[in-house]
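Chemist: Input input.pdb, format and content: PDB, C-alpha atoms.
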```
ATOM      1  CA  MET A   1      56.983  99.958 100.405
ATOM      2  CA  LYS A   2      59.580  98.026 102.341
ATOM      3  CA  LEU A   3      62.613  99.797 103.769
ATOM      4  CA  GLN A   4      65.883  98.372 102.519
ATOM      5  CA  ARG A   5      68.483  97.269 105.034
ATOM      6  CA  VAL A   6      71.758  99.158 104.972
ATOM      7  CA  LEU A   7      73.690  96.724 102.756
ATOM      8  CA  GLN A   8      70.749  96.305 100.359
ATOM      9  CA  TYR A   9      70.475 100.060 100.020
ATOM     10  CA  ALA A  10      74.220 100.405  99.405
ATOM     11  CA  GLN A  11      74.025  97.860  96.588
ATOM     12  CA  ASN A  12      70.916  99.515  95.146
ATOM     13  CA  LEU A  13      72.692 102.877  94.939
ATOM     14  CA  LEU A  14      75.601 101.272  93.091
ATOM     15  CA  MET A  15      73.313  99.310  90.739
ATOM     16  CA  GLN A  16      71.601 102.546  89.718
ATOM     17  CA  THR A  17      74.917 104.189  88.908
ATOM     18  CA  ILE A  18      77.480 101.695  87.603
ATOM     19  CA  GLU A  19      77.168 100.308  84.086
ATOM     20  CA  LYS A  20      78.933  97.586  82.119
ATOM     21  CA  GLY A  21      82.358  98.657  80.894
ATOM     22  CA  GLU A  22      82.945 101.204  83.649
ATOM     23  CA  ILE A  23      85.485 101.293  86.473
ATOM     24  CA  ALA A  24      84.625 100.920  90.153
ATOM     25  CA  VAL A  25      86.582 100.917  93.416
ATOM     26  CA  ASP A  26      86.185  98.837  96.556
ATOM     27  CA  GLY A  27      88.024 100.842  99.199
ATOM     28  CA  THR A  28      87.877  98.000 101.747
ATOM     29  CA  ALA A  29      88.089  94.594 100.053
ATOM     30  CA  GLY A  30      87.418  92.684 103.282
ATOM     31  CA  ASN A  31      86.055  89.244 102.466
ATOM     32  CA  GLY A  32      85.459  90.155  98.818
ATOM     33  CA  HIS A  33      81.674  90.449  98.762
ATOM     34  CA  ASP A  34      81.613  94.023  97.465
ATOM     35  CA  THR A  35      84.503  93.425  95.067
ATOM     36  CA  LEU A  36      82.594  90.546  93.494
ATOM     37  CA  PHE A  37      79.375  92.588  93.387
ATOM     38  CA  LEU A  38      81.176  95.465  91.649
ATOM     39  CA  SER A  39      82.870  93.074  89.205
ATOM     40  CA  GLN A  40      79.442  91.769  88.203
ATOM     41  CA  LEU A  41      78.139  95.318  87.713
ATOM     42  CA  VAL A  42      81.019  96.434  85.474
ATOM     43  CA  GLY A  43      81.062  93.164  83.536
ATOM     44  CA  GLU A  44      83.937  91.678  81.573
ATOM     45  CA  SER A  45      84.620  94.957  79.765
ATOM     46  CA  GLY A  46      84.855  96.932  83.008
ATOM     47  CA  HIS A  47      87.321  96.806  85.873
ATOM     48  CA  VAL A  48      87.359  96.934  89.676
ATOM     49  CA  TYR A  49      90.202  98.072  91.906
ATOM     50  CA  ALA A  50      89.998  96.699  95.458
ATOM     51  CA  PHE A  51      92.168  97.805  98.377
ATOM     52  CA  ASP A  52      92.907  96.341 101.772
ATOM     53  CA  VAL A  53      95.792  96.529 104.245
ATOM     54  CA  GLN A  54      95.469  92.932 105.456
ATOM     55  CA  GLN A  55      96.789  89.938 103.560
ATOM     56  CA  GLN A  56      93.905  87.860 104.937
ATOM     57  CA  ALA A  57      91.445  90.196 103.176
ATOM     58  CA  ILE A  58      93.395  90.048  99.927
ATOM     59  CA  ASP A  59      93.443  86.248 100.036
ATOM     60  CA  SER A  60      89.709  86.038 100.816
ATOM     61  CA  THR A  61      88.839  88.458  98.036
ATOM     62  CA  LEU A  62      90.993  86.680  95.451
ATOM     63  CA  LYS A  63      89.474  83.334  96.438
ATOM     64  CA  ARG A  64      85.905  84.678  96.153
ATOM     65  CA  LEU A  65      86.617  86.220  92.745
ATOM     66  CA  SER A  66      88.239  83.001  91.511
ATOM     67  CA  GLU A  67      85.311  80.864  92.705
ATOM     68  CA  HIS A  68      82.984  83.016  90.586
ATOM     69  CA  GLY A  69      85.261  83.243  87.554
ATOM     70  CA  ALA A  70      85.701  86.991  87.892
ATOM     71  CA  ARG A  71      88.847  88.163  86.138
ATOM     72  CA  ASN A  72      88.155  91.886  85.912
ATOM     73  CA  ALA A  73      89.541  93.009  89.274
ATOM     74  CA  THR A  74      92.884  94.168  90.577
ATOM     75  CA  VAL A  75      93.198  93.417  94.298
ATOM     76  CA  LEU A  76      95.849  95.505  96.022
ATOM     77  CA  LEU A  77      97.554  95.083  99.380
ATOM     78  CA  ASP A  78      97.597  98.808 100.092
ATOM     79  CA  GLY A  79      95.561 101.424 101.909
ATOM     80  CA  HIS A  80      92.662 103.107 100.132
ATOM     81  CA  GLU A  81      94.340 106.463 100.718
ATOM     82  CA  ASN A  82      96.720 105.456  97.912
ATOM     83  CA  VAL A  83      93.982 104.947  95.322
ATOM     84  CA  ALA A  84      95.346 107.718  93.075
ATOM     85  CA  ASN A  85      98.611 105.763  92.724
ATOM     86  CA  TYR A  86      96.700 103.020  90.898
ATOM     87  CA  VAL A  87      93.612 104.595  89.353
ATOM     88  CA  GLN A  88      93.838 107.591  87.046
ATOM     89  CA  GLN A  89      90.798 107.040  84.821
ATOM     90  CA  GLU A  90      87.198 108.053  85.484
ATOM     91  CA  ILE A  91      85.290 105.832  87.897
ATOM     92  CA  ALA A  92      81.555 105.213  88.094
ATOM     93  CA  GLY A  93      81.350 104.413  91.796
ATOM     94  CA  ALA A  94      83.051 103.232  94.944
ATOM     95  CA  ILE A  95      82.161 101.522  98.192
ATOM     96  CA  PHE A  96      83.753 101.385 101.637
ATOM     97  CA  ASN A  97      82.819  99.284 104.658
ATOM     98  CA  LEU A  98      84.491 101.184 107.470
ATOM     99  CA  GLY A  99      85.570  99.418 110.628
ATOM    100  CA  TYR A 100      87.407  96.106 110.960
ATOM    101  CA  LEU A 101      87.591  92.898 108.957
ATOM    102  CA  PRO A 102      85.001  90.428 110.300
ATOM    103  CA  GLY A 103      86.696  87.331 111.687
ATOM    104  CA  ALA A 104      90.101  89.009 111.895
ATOM    105  CA  ASP A 105      92.071  91.200 114.299
ATOM    106  CA  HIS A 106      89.622  93.844 115.564
ATOM    107  CA  SER A 107      92.463  96.184 116.474
ATOM    108  CA  ILE A 108      93.171  96.747 112.766
ATOM    109  CA  ILE A 109      90.557  99.312 111.731
ATOM    110  CA  THR A 110      90.014 101.894 109.057
ATOM    111  CA  GLN A 111      91.001 105.422 110.083
ATOM    112  CA  GLY A 112      89.215 108.699 109.503
ATOM    113  CA  ASN A 113      92.228 110.528 108.102
ATOM    114  CA  THR A 114      93.018 107.891 105.455
ATOM    115  CA  THR A 115      89.349 107.498 104.551
ATOM    116  CA  VAL A 116      89.022 111.262 103.993
ATOM    117  CA  ILE A 117      92.127 111.230 101.757
ATOM    118  CA  ALA A 118      90.630 108.377  99.733
ATOM    119  CA  ILE A 119      87.291 110.186  99.382
ATOM    120  CA  GLU A 120      89.049 113.357  98.190
ATOM    121  CA  GLN A 121      90.964 111.400  95.542
ATOM    122  CA  LEU A 122      87.900 109.456  94.404
ATOM    123  CA  LEU A 123      85.726 112.564  94.097
ATOM    124  CA  LYS A 124      88.201 113.919  91.540
ATOM    125  CA  LEU A 125      87.969 110.670  89.523
ATOM    126  CA  LEU A 126      84.216 110.171  89.921
ATOM    127  CA  LYS A 127      82.006 110.727  86.869
ATOM    128  CA  THR A 128      79.181 113.227  87.127
ATOM    129  CA  GLY A 129      76.254 111.187  88.463
ATOM    130  CA  GLY A 130      78.591 108.665  90.102
ATOM    131  CA  VAL A 131      78.369 107.686  93.755
ATOM    132  CA  ILE A 132      80.664 106.843  96.620
ATOM    133  CA  VAL A 133      78.949 104.745  99.288
ATOM    134  CA  LEU A 134      80.346 104.568 102.814
ATOM    135  CA  VAL A 135      78.911 101.924 105.129
ATOM    136  CA  ILE A 136      79.968 103.217 108.527
ATOM    137  CA  TYR A 137      80.354 100.666 111.311
ATOM    138  CA  HIS A 138      81.106 102.673 114.436
ATOM    139  CA  GLY A 139      80.370 100.363 117.373
ATOM    140  CA  HIS A 140      84.006  99.398 117.989
ATOM    141  CA  GLU A 141      86.985 101.101 119.591
ATOM    142  CA  GLY A 142      88.042 103.950 117.307
ATOM    143  CA  GLY A 143      84.838 103.732 115.280
ATOM    144  CA  LYS A 144      83.206 106.857 116.655
ATOM    145  CA  ALA A 145      86.335 108.944 116.021
ATOM    146  CA  GLU A 146      86.413 107.790 112.395
ATOM    147  CA  ARG A 147      82.671 108.340 112.022
ATOM    148  CA  ASP A 148      82.961 111.888 113.322
ATOM    149  CA  GLU A 149      85.949 112.757 111.121
ATOM    150  CA  VAL A 150      84.267 111.406 107.995
ATOM    151  CA  LEU A 151      80.982 113.157 108.790
ATOM    152  CA  ARG A 152      82.782 116.467 109.395
ATOM    153  CA  PHE A 153      84.490 116.184 106.023
ATOM    154  CA  VAL A 154      81.480 115.134 103.929
ATOM    155  CA  SER A 155      79.264 117.737 105.618
ATOM    156  CA  SER A 156      81.673 120.427 104.418
ATOM    157  CA  LEU A 157      81.514 119.395 100.742
ATOM    158  CA  PRO A 158      79.930 122.088  98.570
ATOM    159  CA  GLN A 159      76.382 121.086  97.617
ATOM    160  CA  LYS A 160      76.880 122.652  94.190
ATOM    161  CA  TYR A 161      79.228 119.744  93.355
ATOM    162  CA  VAL A 162      78.297 116.892  95.702
ATOM    163  CA  HIS A 163      75.034 115.782  97.270
ATOM    164  CA  VAL A 164      75.540 113.968 100.579
ATOM    165  CA  LEU A 165      72.953 111.543 101.937
ATOM    166  CA  ARG A 166      72.774 109.788 105.300
ATOM    167  CA  TYR A 167      70.630 106.654 105.494
ATOM    168  CA  GLU A 168      70.109 104.977 108.843
ATOM    169  CA  PHE A 169      67.690 103.271 111.165
ATOM    170  CA  ILE A 170      67.556 105.490 114.240
ATOM    171  CA  ASN A 171      65.723 103.170 116.638
ATOM    172  CA  GLN A 172      68.141 100.214 116.526
ATOM    173  CA  LYS A 173      70.400  99.401 119.451
ATOM    174  CA  ASN A 174      74.155  98.778 119.676
ATOM    175  CA  ASP A 175      75.443 101.398 117.232
ATOM    176  CA  PRO A 176      73.943 100.033 114.000
ATOM    177  CA  PRO A 177      75.837 100.796 110.798
ATOM    178  CA  PHE A 178      74.577 103.553 108.533
ATOM    179  CA  ILE A 179      75.275 104.786 105.028
ATOM    180  CA  VAL A 180      76.712 108.025 103.794
ATOM    181  CA  ALA A 181      76.404 108.341 100.026
ATOM    182  CA  LEU A 182      78.082 111.027  97.957
ATOM    183  CA  GLU A 183      76.686 111.799  94.500
ATOM    184  CA  LYS A 184      78.801 113.987  92.258
ATOM    185  CA  VAL A 185      76.416 116.372  90.532
ATOM    186  CA  LYS A 186      78.942 118.672  88.848
ATOM    187  CA  GLN A 187      82.643 118.606  88.010
ATOM    188  CA  PHE A 188      84.902 120.431  90.448
ATOM    189  CA  PRO A 189      86.761 123.438  89.063
ATOM    190  CA  GLU A 190      90.383 122.739  88.177
TER     191      GLU A 190
END
```
What's the structure tokens form of this structure?
Modeler:
Amino acid sequence: MKLQRVLQYAQNLLMQTIEKGEIAVDGTAGNGHDTLFLSQLVGESGHVYAFDVQQQAIDSTLKRLSEHGARNATVLLDGHENVANYVQQEIAGAIFNLGYLPGADHSIITQGNTTVIAIEQLLKLLKTGGVIVLVIYHGHEGGKAERDEVLRFVSSLPQKYVHVLRYEFINQKNDPPFIVALEKVKQFPE
């Protein structure tokens, strides 16, 4: 057995969950890698909604999608905390890369409070058996505060409805990223 790196494991979780024709969400479009990956998972009959607050990320994501001929994604210049304004149908999965946009202004970072709002909204839309994957980069200013807020929230989710996994390498230096994955195992009561 070979241990999967964090990003490999994140993709593996999504591959096991998302099928052609379904809907997926990229909560942090960034440079478009995850948006493209999700668009390939859902296929032409599915759809991806990608969010980012930086025009640079939107442009990068649109360019990456165009270069690969992907036409099944809506890329939105808006915060992921507003996902419910755009997505009302059931989703199969979602991914977030928390932190800052590589190669851009490092002072623009994701925030714990908006990430928690997005998770709450997505859990309501998530199909039973669906997953939300959070890749948590916390080695930057503000990263530990977001990490702690997100961990507090997901740790409080009732296990009857959501299983919460933490996947990390504990002997790596310099605050390595880790994964928190949420699997919806039962519908929440109305």
Chemist: Nearest to Val83 in chain A among A:Ile23, A:Ala50, A:Ala104, A:Leu14, with distances taken over all atoms listed in the file: which residue is it?
Modeler: A:Ala50
Chemist: Take every atom of range 47-57 of chain A listed in the file, fit an axis-aligned box around them, add 3 Å per side, and give the centre and edge lengths in Å to one decimal as lines of an AutoDock Vina configuration file.
Modeler:
```
center_x = 92.1
center_y = 93.0
center_z = 95.7
size_x = 15.5
size_y = 16.2
size_z = 25.6
```
Chemist: List the residues selected by the PyMOL selection byres ((chain A and resi 131) around 6) in the file shown, writing them as a list in words.
Modeler: Gly93, Gly130, Ile132, Leu182 and Glu183 of chain A
Chemist: Which residue, A:Thr115, A:Ile95, A:Ser60, A:Ala29, has the smallest gap to Gln11 in chain A when you use only C-alpha atoms?
Modeler: A:Ile95
Chemist: Which residue gives the smallest distance to Gln111 in chain A among A:Lys144, A:Phe51, A:Leu157, A:Asn82, with only C-alpha atoms counted?
Modeler: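 Among the listed residues, the smallest separation from Gln111 in chain A belongs to A:Lys144.
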Chemist: Check the smallest atom-to-atom distance from each of A:Tyr137, A:Tyr100, A:Phe169, A:Phe153 to Asp52 in chain A using all atoms listed in the file, then report the winner.
Modeler: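 Under the stated criterion, the closest residue is A:Tyr100.
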